[in-house]
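Participant: What follows is the file input.tsv, containing TSV, C-alpha atoms:
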chain	number	residue	atom	x	y	z
A	26	ASP	CA	54.61	232.22	106.15
A	27	ILE	CA	57.48	229.82	106.69
A	28	ASN	CA	60.06	232.60	106.34
A	29	ALA	CA	58.88	236.15	105.76
A	30	GLU	CA	62.29	237.08	104.33
A	31	CYS	CA	62.19	234.40	101.63
A	32	GLN	CA	61.39	235.79	98.21
A	33	VAL	CA	60.70	233.37	95.36
A	34	ASN	CA	60.74	234.75	91.82
A	35	SER	CA	58.81	232.45	89.53
A	36	ILE	CA	59.31	233.53	85.93
A	37	GLU	CA	56.35	232.58	83.79
A	38	ASP	CA	58.02	233.32	80.50
A	39	LEU	CA	60.38	231.47	78.23
A	40	ILE	CA	64.01	232.09	79.06
A	41	THR	CA	65.75	232.76	75.76
A	42	LEU	CA	69.03	234.32	74.73
A	43	ASP	CA	67.15	237.63	74.52
A	44	THR	CA	65.48	237.44	77.96
A	45	LEU	CA	68.28	235.83	79.98
A	46	GLU	CA	70.00	239.00	81.21
A	47	LYS	CA	66.63	240.62	81.97
A	48	TYR	CA	65.41	237.84	84.24
A	49	ILE	CA	68.54	236.27	85.76
A	50	THR	CA	70.43	238.89	87.77
A	51	SER	CA	73.11	238.87	90.44
A	52	GLU	CA	70.41	239.74	93.02
A	53	PHE	CA	69.46	236.05	93.13
A	54	ASP	CA	70.79	233.86	95.94
A	55	VAL	CA	70.35	230.79	93.73
A	56	VAL	CA	68.73	229.82	90.41
A	57	ILE	CA	66.99	226.50	89.79
A	58	ASP	CA	67.14	225.56	86.11
A	59	ALA	CA	64.62	223.07	84.76
A	60	ILE	CA	64.79	224.11	81.10
A	61	ASP	CA	64.82	221.29	78.56
A	62	ILE	CA	65.84	223.30	75.49
A	63	ILE	CA	69.58	222.65	75.26
A	64	LYS	CA	70.79	225.97	73.84
A	65	PHE	CA	68.81	228.00	76.42
A	66	LYS	CA	69.81	225.68	79.27
A	67	ALA	CA	73.51	225.95	78.34
A	68	ALA	CA	73.23	229.73	77.94
A	69	MET	CA	71.62	230.07	81.39
A	70	ILE	CA	74.27	227.89	83.04
A	71	HIS	CA	77.02	229.90	81.32
A	72	HIS	CA	75.39	233.20	82.31
A	73	CYS	CA	75.10	232.13	85.96
A	74	SER	CA	78.64	230.74	86.03
A	75	ARG	CA	80.11	233.86	84.41
A	76	ASN	CA	78.21	236.16	86.80
A	77	LYS	CA	78.87	233.99	89.87
A	78	ILE	CA	75.16	233.34	90.43
A	79	PRO	CA	74.72	229.95	92.14
A	80	ILE	CA	72.67	227.58	89.98
A	81	VAL	CA	71.24	224.11	90.45
A	82	THR	CA	70.42	222.48	87.13
A	83	THR	CA	68.40	219.39	86.32
A	84	GLY	CA	68.94	216.62	83.83
A	85	GLY	CA	66.24	214.99	81.77
A	86	ALA	CA	63.40	213.04	83.38
A	87	GLY	CA	61.68	211.83	80.22
A	88	GLY	CA	61.46	208.08	79.91
A	89	MET	CA	62.27	207.50	83.60
A	90	ILE	CA	60.08	205.66	86.11
A	91	ASP	CA	62.31	205.08	89.17
A	92	PRO	CA	62.70	208.13	91.46
A	93	SER	CA	65.15	206.21	93.68
A	94	ARG	CA	67.75	206.55	90.89
A	95	ILE	CA	67.92	210.35	91.23
A	96	GLU	CA	71.32	211.66	92.29
A	97	VAL	CA	73.19	214.94	92.63
A	98	ALA	CA	76.62	215.47	91.09
A	99	ASP	CA	78.65	218.09	89.30
A	100	LEU	CA	77.26	218.50	85.78
A	101	SER	CA	80.61	217.28	84.42
A	102	ARG	CA	80.15	213.96	86.27
A	103	THR	CA	76.58	212.92	85.41
A	104	THR	CA	75.97	209.54	83.77
A	105	ASN	CA	73.16	208.02	81.66
A	106	ASP	CA	71.56	211.44	81.11
A	107	PRO	CA	71.29	212.40	77.42
A	108	LEU	CA	70.15	215.97	78.20
A	109	ALA	CA	73.06	216.60	80.58
A	110	ALA	CA	75.49	215.12	78.04
A	111	LYS	CA	74.26	217.45	75.29
A	112	VAL	CA	74.40	220.45	77.63
A	113	ARG	CA	77.97	219.53	78.66
A	114	SER	CA	78.94	219.32	75.02
A	115	GLN	CA	77.45	222.71	74.24
A	116	LEU	CA	79.04	224.31	77.32
A	117	ARG	CA	82.43	223.01	76.20
A	118	ARG	CA	81.98	223.85	72.52
A	119	LEU	CA	80.30	227.26	72.75
A	120	HIS	CA	80.99	228.61	76.21
A	121	GLY	CA	84.56	227.61	77.00
A	122	PHE	CA	83.92	225.11	79.79
A	123	SER	CA	86.85	222.76	80.40
A	124	ARG	CA	87.24	219.65	78.26
A	125	ASN	CA	89.55	218.17	80.90
A	126	PRO	CA	87.63	215.21	82.40
A	127	LYS	CA	89.37	215.79	85.75
A	128	ARG	CA	88.01	219.34	86.10
A	129	LYS	CA	84.55	219.91	87.50
A	130	PHE	CA	82.21	222.58	86.13
A	131	GLY	CA	81.14	223.75	89.59
A	132	ILE	CA	77.47	223.32	88.61
A	133	GLU	CA	75.27	221.03	90.72
A	134	CYS	CA	73.02	218.79	88.64
A	135	VAL	CA	70.05	216.73	89.81
A	136	TYR	CA	69.74	213.80	87.41
A	137	SER	CA	68.76	210.17	87.14
A	138	THR	CA	71.16	207.28	86.59
A	139	GLU	CA	68.28	205.30	85.14
A	140	GLN	CA	68.58	204.39	81.48
A	141	PRO	CA	65.81	206.21	79.57
A	142	ARG	CA	63.01	204.26	77.94
A	143	TYR	CA	61.96	205.28	74.45
A	144	PRO	CA	58.57	204.96	72.75
A	145	GLN	CA	58.54	202.62	69.77
A	146	ALA	CA	56.45	202.88	66.61
A	147	ASP	CA	54.37	199.83	67.63
A	148	GLY	CA	53.38	201.46	70.95
A	149	SER	CA	55.82	199.50	73.08
A	150	VAL	CA	58.65	200.95	75.15
A	151	SER	CA	62.31	200.05	74.78
A	152	TYR	CA	65.77	201.10	75.89
A	153	GLN	CA	66.61	201.44	72.17
A	154	LYS	CA	66.21	204.86	70.60
A	155	PRO	CA	63.66	204.81	67.79
A	156	GLY	CA	65.16	204.73	64.31
A	157	VAL	CA	63.24	207.82	63.21
A	158	SER	CA	65.49	210.75	62.36
A	159	GLY	CA	64.57	214.41	62.56
A	160	LEU	CA	62.18	213.98	65.48
A	161	SER	CA	62.89	215.28	68.94
A	162	LEU	CA	62.26	213.19	72.01
A	163	ASP	CA	59.87	215.52	73.80
A	164	CYS	CA	56.30	215.41	75.02
A	165	ALA	CA	54.97	216.36	71.57
A	166	PHE	CA	56.62	213.24	70.15
A	167	GLY	CA	55.49	211.06	73.04
A	168	TYR	CA	58.68	210.68	75.09
A	169	GLY	CA	56.71	211.39	78.24
A	170	ALA	CA	57.61	211.90	81.87
A	171	ALA	CA	56.27	210.32	85.04
A	172	THR	CA	55.03	212.85	87.59
A	173	HIS	CA	56.59	211.02	90.53
A	174	VAL	CA	60.02	211.32	88.85
A	175	THR	CA	59.73	214.96	87.77
A	176	ALA	CA	58.36	215.92	91.20
A	177	THR	CA	61.26	214.17	92.93
A	178	VAL	CA	63.77	215.94	90.67
A	179	GLY	CA	62.10	219.25	91.58
A	180	PHE	CA	62.11	218.49	95.31
A	181	VAL	CA	65.78	217.49	95.25
A	182	ALA	CA	66.68	220.62	93.24
A	183	ALA	CA	64.79	222.77	95.76
A	184	SER	CA	66.62	221.05	98.61
A	185	GLN	CA	69.98	221.70	96.95
A	186	ALA	CA	69.04	225.35	96.42
A	187	ILE	CA	67.97	225.76	100.05
A	188	ASN	CA	71.23	224.20	101.21
A	189	ARG	CA	73.17	226.67	99.05
A	190	VAL	CA	71.31	229.58	100.66
A	191	ILE	CA	71.71	228.47	104.28
A	192	LYS	CA	75.43	227.59	104.04
Take the structure from the file and write it as structure tokens.
Facilitator:
Amino acid sequence: DINAECQVNSIEDLITLDTLEKYITSEFDVVIDAIDIIKFKAAMIHHCSRNKIPIVTTGGAGGMIDPSRIEVADLSRTTNDPLAAKVRSQLRRLHGFSRNPKRKFGIECVYSTEQPRYPQADGSVSYQKPGVSGLSLDCAFGYGAATHVTATVGFVAASQAINRVIK
């Protein structure tokens, strides 16, 4: 044991609007969010913010290959991250987060400044989004994620969470 007093709660279930209050309680010292479904991610961030539960969230890692481009910033200040941008929009629209660009959300986000690469119909990869509408850019569609990038995002998120606990 590294620390016998450390308790990690790994939830092996889908966090949804129905399960959020059941799983995420004020007993937690910190929550690490790695959800990629926007409405659930935004709901979890709102829930934690409203209940003063510290949370570290992550941006998207799909289409990234350079782990050296990973940074930490307030969610309101992330750049080049389509997932974070959509979550910000939903937090503002549905959950009352400030639209004032000078106000921070108070939510740490681990994200990449790298411009995402998108799969093309001919099998190549491009910085241009494919012109196909109605498809989501997820693993089922072939967006893909590189393990060295997702692992680095996870390690940085864990480091941020540990720093929140030991402060």
Participant: Enter the distance from CA of Val112 (chain A) to CA of Thr82 (chain A), in Å, rounded to one decimal.
Facilitator: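 Those two atoms sit 10.5 Å apart.
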Participant: Counting only C-alpha atoms, which residue out of A:Val33, A:Arg128, A:Thr50, A:Pro107 sits closest to Ala183 (chain A)?
Facilitator: A:Val33
Participant: If we count all atoms listed in the file and set the cut-off at 12 Å, which residues sit around Arg117 (chain A), ignoring sequence neighbours fewer than 3 positions away in its own chain? Please answer as a count of residues only.
Facilitator: 21
Participant: Got a sec: who's within 8 Å of Thr83 (chain A), counting only C-alpha atoms, leaving out chain neighbours fewer than 3 positions off, as a ChimeraX atom specification?
Facilitator: /A:58-60,109,134-136,178,182
Participant: Looking at only C-alpha atoms, which of A:Ser149, A:Gln140, A:Gln115, A:Asn34 is the one that sits closest to Met89 (chain A)?
Facilitator: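 The closest residue to Met89 (chain A) is A:Gln140.
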Participant: Closest to Gly87 (chain A) among A:Gly131, A:Thr44, A:Ser35, A:Asp106, using all atoms listed in the file?
Facilitator: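 Ranked by minimum distance to Gly87 (chain A), first place goes to A:Asp106.
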